[in-house]
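The structure appears right after this line, and notes come after that.
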Amino acid sequence: MKLIPIQSYFELQEKLKNHPNAFLLLYKSGSKVSECAFNNIEKSIDKNTTVFCADVSQVRDIHPVYDIKTAPILMSFEEGVFKNTFKGCDEENFYVSVFERNLYVAQHKGESEKVQKRVTVYSTPSCSWCTTLKNHLNIHKIRFTDVDVSKDQRAAEAMVKKSGQQGVPQIDINGQIIVGFDKNKINLLLGIGA
């Protein structure tokens, strides 16, 4: 499937009337990070997912409405209402989880709350510490992408490349890798109990 280009905020509002549960990628042409996000998102779209796109260097009336200050950023809409953002470029499996709505998303309660860090858990179904880690994140309403490395060889290789370790669980918090369930370090990086 392809990203659907839009040219204005008005066009976005019209499209959301027909596709109330959709996504919008705001990107900047010529940016490597934007190109990465664009390509990985395009590879992740299935027939049930609608993803619009707008180049912020040409379409200038969308990001101010939503107070978006960086690109690339993927925005999600539910029933036509703006719900969440996913900044930067992520791996294809992350976007698949977003589009399948398999991410655990903490509810935003106000502007004073901290921005959620990007969290990926590398796990296997038979790993009890993996389950403990995911339960800990769920209890504290931390959204995360769960990558089952027993089923995804490319993700397993990427995990080993990042950490130099094969064991699970591993957690990637905004690019910082923690091998095992190091509760104190995880809490510190995520601001749990702070």
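Each chain in the structure tokens gets a letter, A, B, ..., in the order shown, and its residues are numbered from 1; ligands are numbered from 1 in order too.
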Please identify all polymer residues within 8 Å of Val149 in chain A, counting only C-alpha atoms, omitting same-chain residues fewer than 3 positions from it, and present them as a PyMOL selection string. chain A and resi 122-124+152-153+155-156
Written selection (C-alpha atoms) as a tab-separated table (two decimals), in the first residue's frame:
```
chain	number	residue	atom	x	y	z
A	122	TYR	CA	12.75	-7.81	22.96
A	123	SER	CA	11.31	-11.03	24.36
A	124	THR	CA	10.29	-14.65	23.77
A	152	ASP	CA	11.57	-12.46	13.87
A	153	GLN	CA	15.15	-13.29	12.85
A	155	ALA	CA	14.73	-8.26	14.90
A	156	ALA	CA	16.88	-10.79	16.79
```
Quick check for you: according to DSSP on this backbone, which residues of chain A are classed as strand (DSSP E or B)? Reply as JSON, numbers by chain. {"A": [4, 5, 23, 24, 25, 26, 27, 51, 52, 53, 54, 55, 73, 74, 75, 76, 77, 78, 81, 82, 83, 84, 85, 86, 87, 119, 120, 121, 122, 123, 145, 146, 147, 148, 170, 171, 172, 173, 176, 177, 178, 179]}
Could the residues of range 63-181 of chain A that have an atom at most 12 Å from range 34-40 of chain A be listed as a tab-separated table, each with its closest atom pair and the distance in Å to one decimal, counting only C-alpha atoms and ordered by chain and ascending residue number?
```
residue	atom	partner	partner_atom	distance
A:Thr70	CA	A:Ser34	CA	10.3
A:Ala71	CA	A:Ser34	CA	6.8
A:Pro72	CA	A:Ser34	CA	5.0
A:Ile73	CA	A:Ala37	CA	8.4
A:Leu74	CA	A:Ala37	CA	8.7
A:Phe86	CA	A:Ala37	CA	10.3
A:Lys87	CA	A:Ala37	CA	9.2
A:Gly88	CA	A:Ala37	CA	6.8
A:Cys89	CA	A:Ala37	CA	4.4
A:Asp90	CA	A:Ala37	CA	6.5
A:Glu91	CA	A:Asn40	CA	6.5
A:Glu92	CA	A:Asn40	CA	5.1
A:Asn93	CA	A:Asn40	CA	8.9
A:Phe94	CA	A:Asn40	CA	9.3
A:Tyr95	CA	A:Asn40	CA	7.6
A:Val96	CA	A:Asn40	CA	9.6
```
Selection to disk with N, CA and C atoms, as a PDB file, in the first residue's frame:
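The file below, again05.pdb, is the result:
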```
ATOM      1  N   THR A  70       8.436  19.032  15.162  1.00  0.00           N
ATOM      2  CA  THR A  70       9.500  18.223  14.572  1.00  0.00           C
ATOM      3  C   THR A  70       8.943  17.343  13.462  1.00  0.00           C
ATOM      4  N   ALA A  71       9.833  16.945  12.564  1.00  0.00           N
ATOM      5  CA  ALA A  71       9.465  15.999  11.510  1.00  0.00           C
ATOM      6  C   ALA A  71      10.665  15.072  11.334  1.00  0.00           C
ATOM      7  N   PRO A  72      10.422  13.798  11.077  1.00  0.00           N
ATOM      8  CA  PRO A  72       9.124  13.186  10.802  1.00  0.00           C
ATOM      9  C   PRO A  72       8.372  12.865  12.090  1.00  0.00           C
ATOM     10  N   ILE A  73       7.060  12.852  11.944  1.00  0.00           N
ATOM     11  CA  ILE A  73       6.202  12.459  13.062  1.00  0.00           C
ATOM     12  C   ILE A  73       4.956  11.805  12.490  1.00  0.00           C
ATOM     13  N   LEU A  74       4.602  10.660  13.045  1.00  0.00           N
ATOM     14  CA  LEU A  74       3.401   9.945  12.636  1.00  0.00           C
ATOM     15  C   LEU A  74       2.307  10.272  13.645  1.00  0.00           C
ATOM     16  N   PHE A  86       4.112   9.574  17.079  1.00  0.00           N
ATOM     17  CA  PHE A  86       5.263   8.690  17.112  1.00  0.00           C
ATOM     18  C   PHE A  86       6.366   9.401  16.335  1.00  0.00           C
ATOM     19  N   LYS A  87       7.400   9.860  17.036  1.00  0.00           N
ATOM     20  CA  LYS A  87       8.434  10.710  16.440  1.00  0.00           C
ATOM     21  C   LYS A  87       9.568   9.902  15.855  1.00  0.00           C
ATOM     22  N   GLY A  88      10.212  10.480  14.850  1.00  0.00           N
ATOM     23  CA  GLY A  88      11.420   9.908  14.279  1.00  0.00           C
ATOM     24  C   GLY A  88      11.142   8.740  13.352  1.00  0.00           C
ATOM     25  N   CYS A  89      12.188   7.967  13.113  1.00  0.00           N
ATOM     26  CA  CYS A  89      12.089   6.788  12.252  1.00  0.00           C
ATOM     27  C   CYS A  89      12.228   5.533  13.106  1.00  0.00           C
ATOM     28  N   ASP A  90      11.326   4.594  12.900  1.00  0.00           N
ATOM     29  CA  ASP A  90      11.379   3.321  13.615  1.00  0.00           C
ATOM     30  C   ASP A  90      11.444   2.174  12.614  1.00  0.00           C
ATOM     31  N   GLU A  91      11.694   0.983  13.141  1.00  0.00           N
ATOM     32  CA  GLU A  91      11.736  -0.215  12.313  1.00  0.00           C
ATOM     33  C   GLU A  91      10.328  -0.555  11.831  1.00  0.00           C
ATOM     34  N   GLU A  92      10.260  -1.332  10.757  1.00  0.00           N
ATOM     35  CA  GLU A  92       8.965  -1.700  10.168  1.00  0.00           C
ATOM     36  C   GLU A  92       8.047  -2.365  11.189  1.00  0.00           C
ATOM     37  N   ASN A  93       8.598  -3.268  12.037  1.00  0.00           N
ATOM     38  CA  ASN A  93       7.743  -3.989  12.986  1.00  0.00           C
ATOM     39  C   ASN A  93       7.100  -3.047  13.999  1.00  0.00           C
ATOM     40  N   PHE A  94       7.763  -1.931  14.317  1.00  0.00           N
ATOM     41  CA  PHE A  94       7.158  -0.934  15.201  1.00  0.00           C
ATOM     42  C   PHE A  94       5.908  -0.354  14.544  1.00  0.00           C
ATOM     43  N   TYR A  95       6.029   0.037  13.277  1.00  0.00           N
ATOM     44  CA  TYR A  95       4.875   0.624  12.573  1.00  0.00           C
ATOM     45  C   TYR A  95       3.750  -0.394  12.385  1.00  0.00           C
ATOM     46  N   VAL A  96       4.115  -1.658  12.152  1.00  0.00           N
ATOM     47  CA  VAL A  96       3.074  -2.699  12.055  1.00  0.00           C
ATOM     48  C   VAL A  96       2.285  -2.747  13.360  1.00  0.00           C
TER      49      VAL A  96
END
```
Residue neighbourhood Ile62 in chain A, 12 Å, only C-alpha atoms, exclusion window fewer than 2 positions, as number ranges by chain: A: 6-13, 24-27, 53-60, 64-69, 75, 82
With N, CA and C atoms retained, export the selected residues as a PDB file, in the first residue's frame.
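Output saved as part18.pdb:
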```pdb
ATOM      1  N   ILE A   6      -1.511  14.555   0.953  1.00  0.00           N
ATOM      2  CA  ILE A   6      -2.527  15.599   1.117  1.00  0.00           C
ATOM      3  C   ILE A   6      -1.826  16.951   1.061  1.00  0.00           C
ATOM      4  N   GLN A   7      -2.591  17.984   0.705  1.00  0.00           N
ATOM      5  CA  GLN A   7      -2.001  19.289   0.430  1.00  0.00           C
ATOM      6  C   GLN A   7      -2.385  20.382   1.417  1.00  0.00           C
ATOM      7  N   SER A   8      -3.310  20.078   2.365  1.00  0.00           N
ATOM      8  CA  SER A   8      -3.728  21.141   3.283  1.00  0.00           C
ATOM      9  C   SER A   8      -4.448  20.560   4.497  1.00  0.00           C
ATOM     10  N   TYR A   9      -4.576  21.396   5.520  1.00  0.00           N
ATOM     11  CA  TYR A   9      -5.337  21.033   6.711  1.00  0.00           C
ATOM     12  C   TYR A   9      -6.793  20.758   6.336  1.00  0.00           C
ATOM     13  N   PHE A  10      -7.348  21.576   5.459  1.00  0.00           N
ATOM     14  CA  PHE A  10      -8.734  21.393   5.024  1.00  0.00           C
ATOM     15  C   PHE A  10      -8.909  20.017   4.374  1.00  0.00           C
ATOM     16  N   GLU A  11      -7.966  19.644   3.496  1.00  0.00           N
ATOM     17  CA  GLU A  11      -8.049  18.335   2.846  1.00  0.00           C
ATOM     18  C   GLU A  11      -7.961  17.211   3.873  1.00  0.00           C
ATOM     19  N   LEU A  12      -7.097  17.365   4.884  1.00  0.00           N
ATOM     20  CA  LEU A  12      -7.001  16.366   5.948  1.00  0.00           C
ATOM     21  C   LEU A  12      -8.343  16.187   6.636  1.00  0.00           C
ATOM     22  N   GLN A  13      -8.990  17.288   6.985  1.00  0.00           N
ATOM     23  CA  GLN A  13     -10.285  17.208   7.667  1.00  0.00           C
ATOM     24  C   GLN A  13     -11.330  16.508   6.795  1.00  0.00           C
ATOM     25  N   LEU A  24      -1.388  10.112   9.893  1.00  0.00           N
ATOM     26  CA  LEU A  24      -0.798  11.142   9.047  1.00  0.00           C
ATOM     27  C   LEU A  24       0.692  11.214   9.353  1.00  0.00           C
ATOM     28  N   LEU A  25       1.517  11.068   8.312  1.00  0.00           N
ATOM     29  CA  LEU A  25       2.955  11.244   8.456  1.00  0.00           C
ATOM     30  C   LEU A  25       3.304  12.653   7.996  1.00  0.00           C
ATOM     31  N   LEU A  26       3.832  13.452   8.913  1.00  0.00           N
ATOM     32  CA  LEU A  26       4.401  14.745   8.552  1.00  0.00           C
ATOM     33  C   LEU A  26       5.900  14.528   8.402  1.00  0.00           C
ATOM     34  N   TYR A  27       6.421  14.834   7.226  1.00  0.00           N
ATOM     35  CA  TYR A  27       7.836  14.596   6.962  1.00  0.00           C
ATOM     36  C   TYR A  27       8.418  15.806   6.241  1.00  0.00           C
ATOM     37  N   CYS A  53       0.022  11.506   4.076  1.00  0.00           N
ATOM     38  CA  CYS A  53       1.333  12.114   4.287  1.00  0.00           C
ATOM     39  C   CYS A  53       1.321  13.547   3.781  1.00  0.00           C
ATOM     40  N   ALA A  54       2.161  14.369   4.408  1.00  0.00           N
ATOM     41  CA  ALA A  54       2.308  15.758   3.988  1.00  0.00           C
ATOM     42  C   ALA A  54       3.740  16.189   4.234  1.00  0.00           C
ATOM     43  N   ASP A  55       4.328  16.817   3.218  1.00  0.00           N
ATOM     44  CA  ASP A  55       5.687  17.347   3.309  1.00  0.00           C
ATOM     45  C   ASP A  55       5.586  18.740   3.933  1.00  0.00           C
ATOM     46  N   VAL A  56       6.156  18.906   5.138  1.00  0.00           N
ATOM     47  CA  VAL A  56       6.021  20.180   5.865  1.00  0.00           C
ATOM     48  C   VAL A  56       6.729  21.335   5.167  1.00  0.00           C
ATOM     49  N   SER A  57       7.624  21.037   4.212  1.00  0.00           N
ATOM     50  CA  SER A  57       8.262  22.127   3.474  1.00  0.00           C
ATOM     51  C   SER A  57       7.318  22.689   2.408  1.00  0.00           C
ATOM     52  N   GLN A  58       6.246  21.960   2.107  1.00  0.00           N
ATOM     53  CA  GLN A  58       5.256  22.428   1.127  1.00  0.00           C
ATOM     54  C   GLN A  58       3.891  22.681   1.766  1.00  0.00           C
ATOM     55  N   VAL A  59       3.495  21.831   2.683  1.00  0.00           N
ATOM     56  CA  VAL A  59       2.197  21.966   3.353  1.00  0.00           C
ATOM     57  C   VAL A  59       2.462  22.570   4.731  1.00  0.00           C
ATOM     58  N   ARG A  60       2.105  23.822   4.900  1.00  0.00           N
ATOM     59  CA  ARG A  60       2.505  24.554   6.111  1.00  0.00           C
ATOM     60  C   ARG A  60       1.359  24.842   7.078  1.00  0.00           C
ATOM     61  N   PRO A  64       1.071  23.541  12.604  1.00  0.00           N
ATOM     62  CA  PRO A  64       0.759  24.542  13.639  1.00  0.00           C
ATOM     63  C   PRO A  64      -0.550  24.246  14.383  1.00  0.00           C
ATOM     64  N   VAL A  65      -1.514  23.659  13.686  1.00  0.00           N
ATOM     65  CA  VAL A  65      -2.811  23.347  14.308  1.00  0.00           C
ATOM     66  C   VAL A  65      -2.627  22.360  15.457  1.00  0.00           C
ATOM     67  N   TYR A  66      -1.740  21.390  15.273  1.00  0.00           N
ATOM     68  CA  TYR A  66      -1.521  20.346  16.274  1.00  0.00           C
ATOM     69  C   TYR A  66      -0.281  20.610  17.125  1.00  0.00           C
ATOM     70  N   ASP A  67       0.306  21.775  16.975  1.00  0.00           N
ATOM     71  CA  ASP A  67       1.501  22.169  17.735  1.00  0.00           C
ATOM     72  C   ASP A  67       2.638  21.164  17.547  1.00  0.00           C
ATOM     73  N   ILE A  68       2.838  20.727  16.305  1.00  0.00           N
ATOM     74  CA  ILE A  68       3.907  19.804  15.957  1.00  0.00           C
ATOM     75  C   ILE A  68       5.129  20.622  15.572  1.00  0.00           C
ATOM     76  N   LYS A  69       6.262  20.333  16.202  1.00  0.00           N
ATOM     77  CA  LYS A  69       7.460  21.136  15.976  1.00  0.00           C
ATOM     78  C   LYS A  69       8.606  20.346  15.347  1.00  0.00           C
ATOM     79  N   MET A  75       1.181  10.764  13.147  1.00  0.00           N
ATOM     80  CA  MET A  75       0.063  11.146  14.013  1.00  0.00           C
ATOM     81  C   MET A  75      -1.062  10.124  13.837  1.00  0.00           C
ATOM     82  N   PHE A  82      -7.460  13.690  16.841  1.00  0.00           N
ATOM     83  CA  PHE A  82      -6.027  13.482  17.020  1.00  0.00           C
ATOM     84  C   PHE A  82      -5.778  12.826  18.377  1.00  0.00           C
TER      85      PHE A  82
END
```
For Lys162 in chain A: contacts at 12 Å, only C-alpha atoms, fewer than 3 positions along chain excluded, given as a VMD selection string: chain A and resid 122 155 to 159 165 to 166 170 to 172 175 to 179
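We find CA of Val33 in chain A and CA of Asn21 in chain A to be spaced 25.2 Å apart.
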Provide the CA of Asn187 in chain A to CA of Cys130 in chain A distance in Å, to one decimal place. 15.7 Å
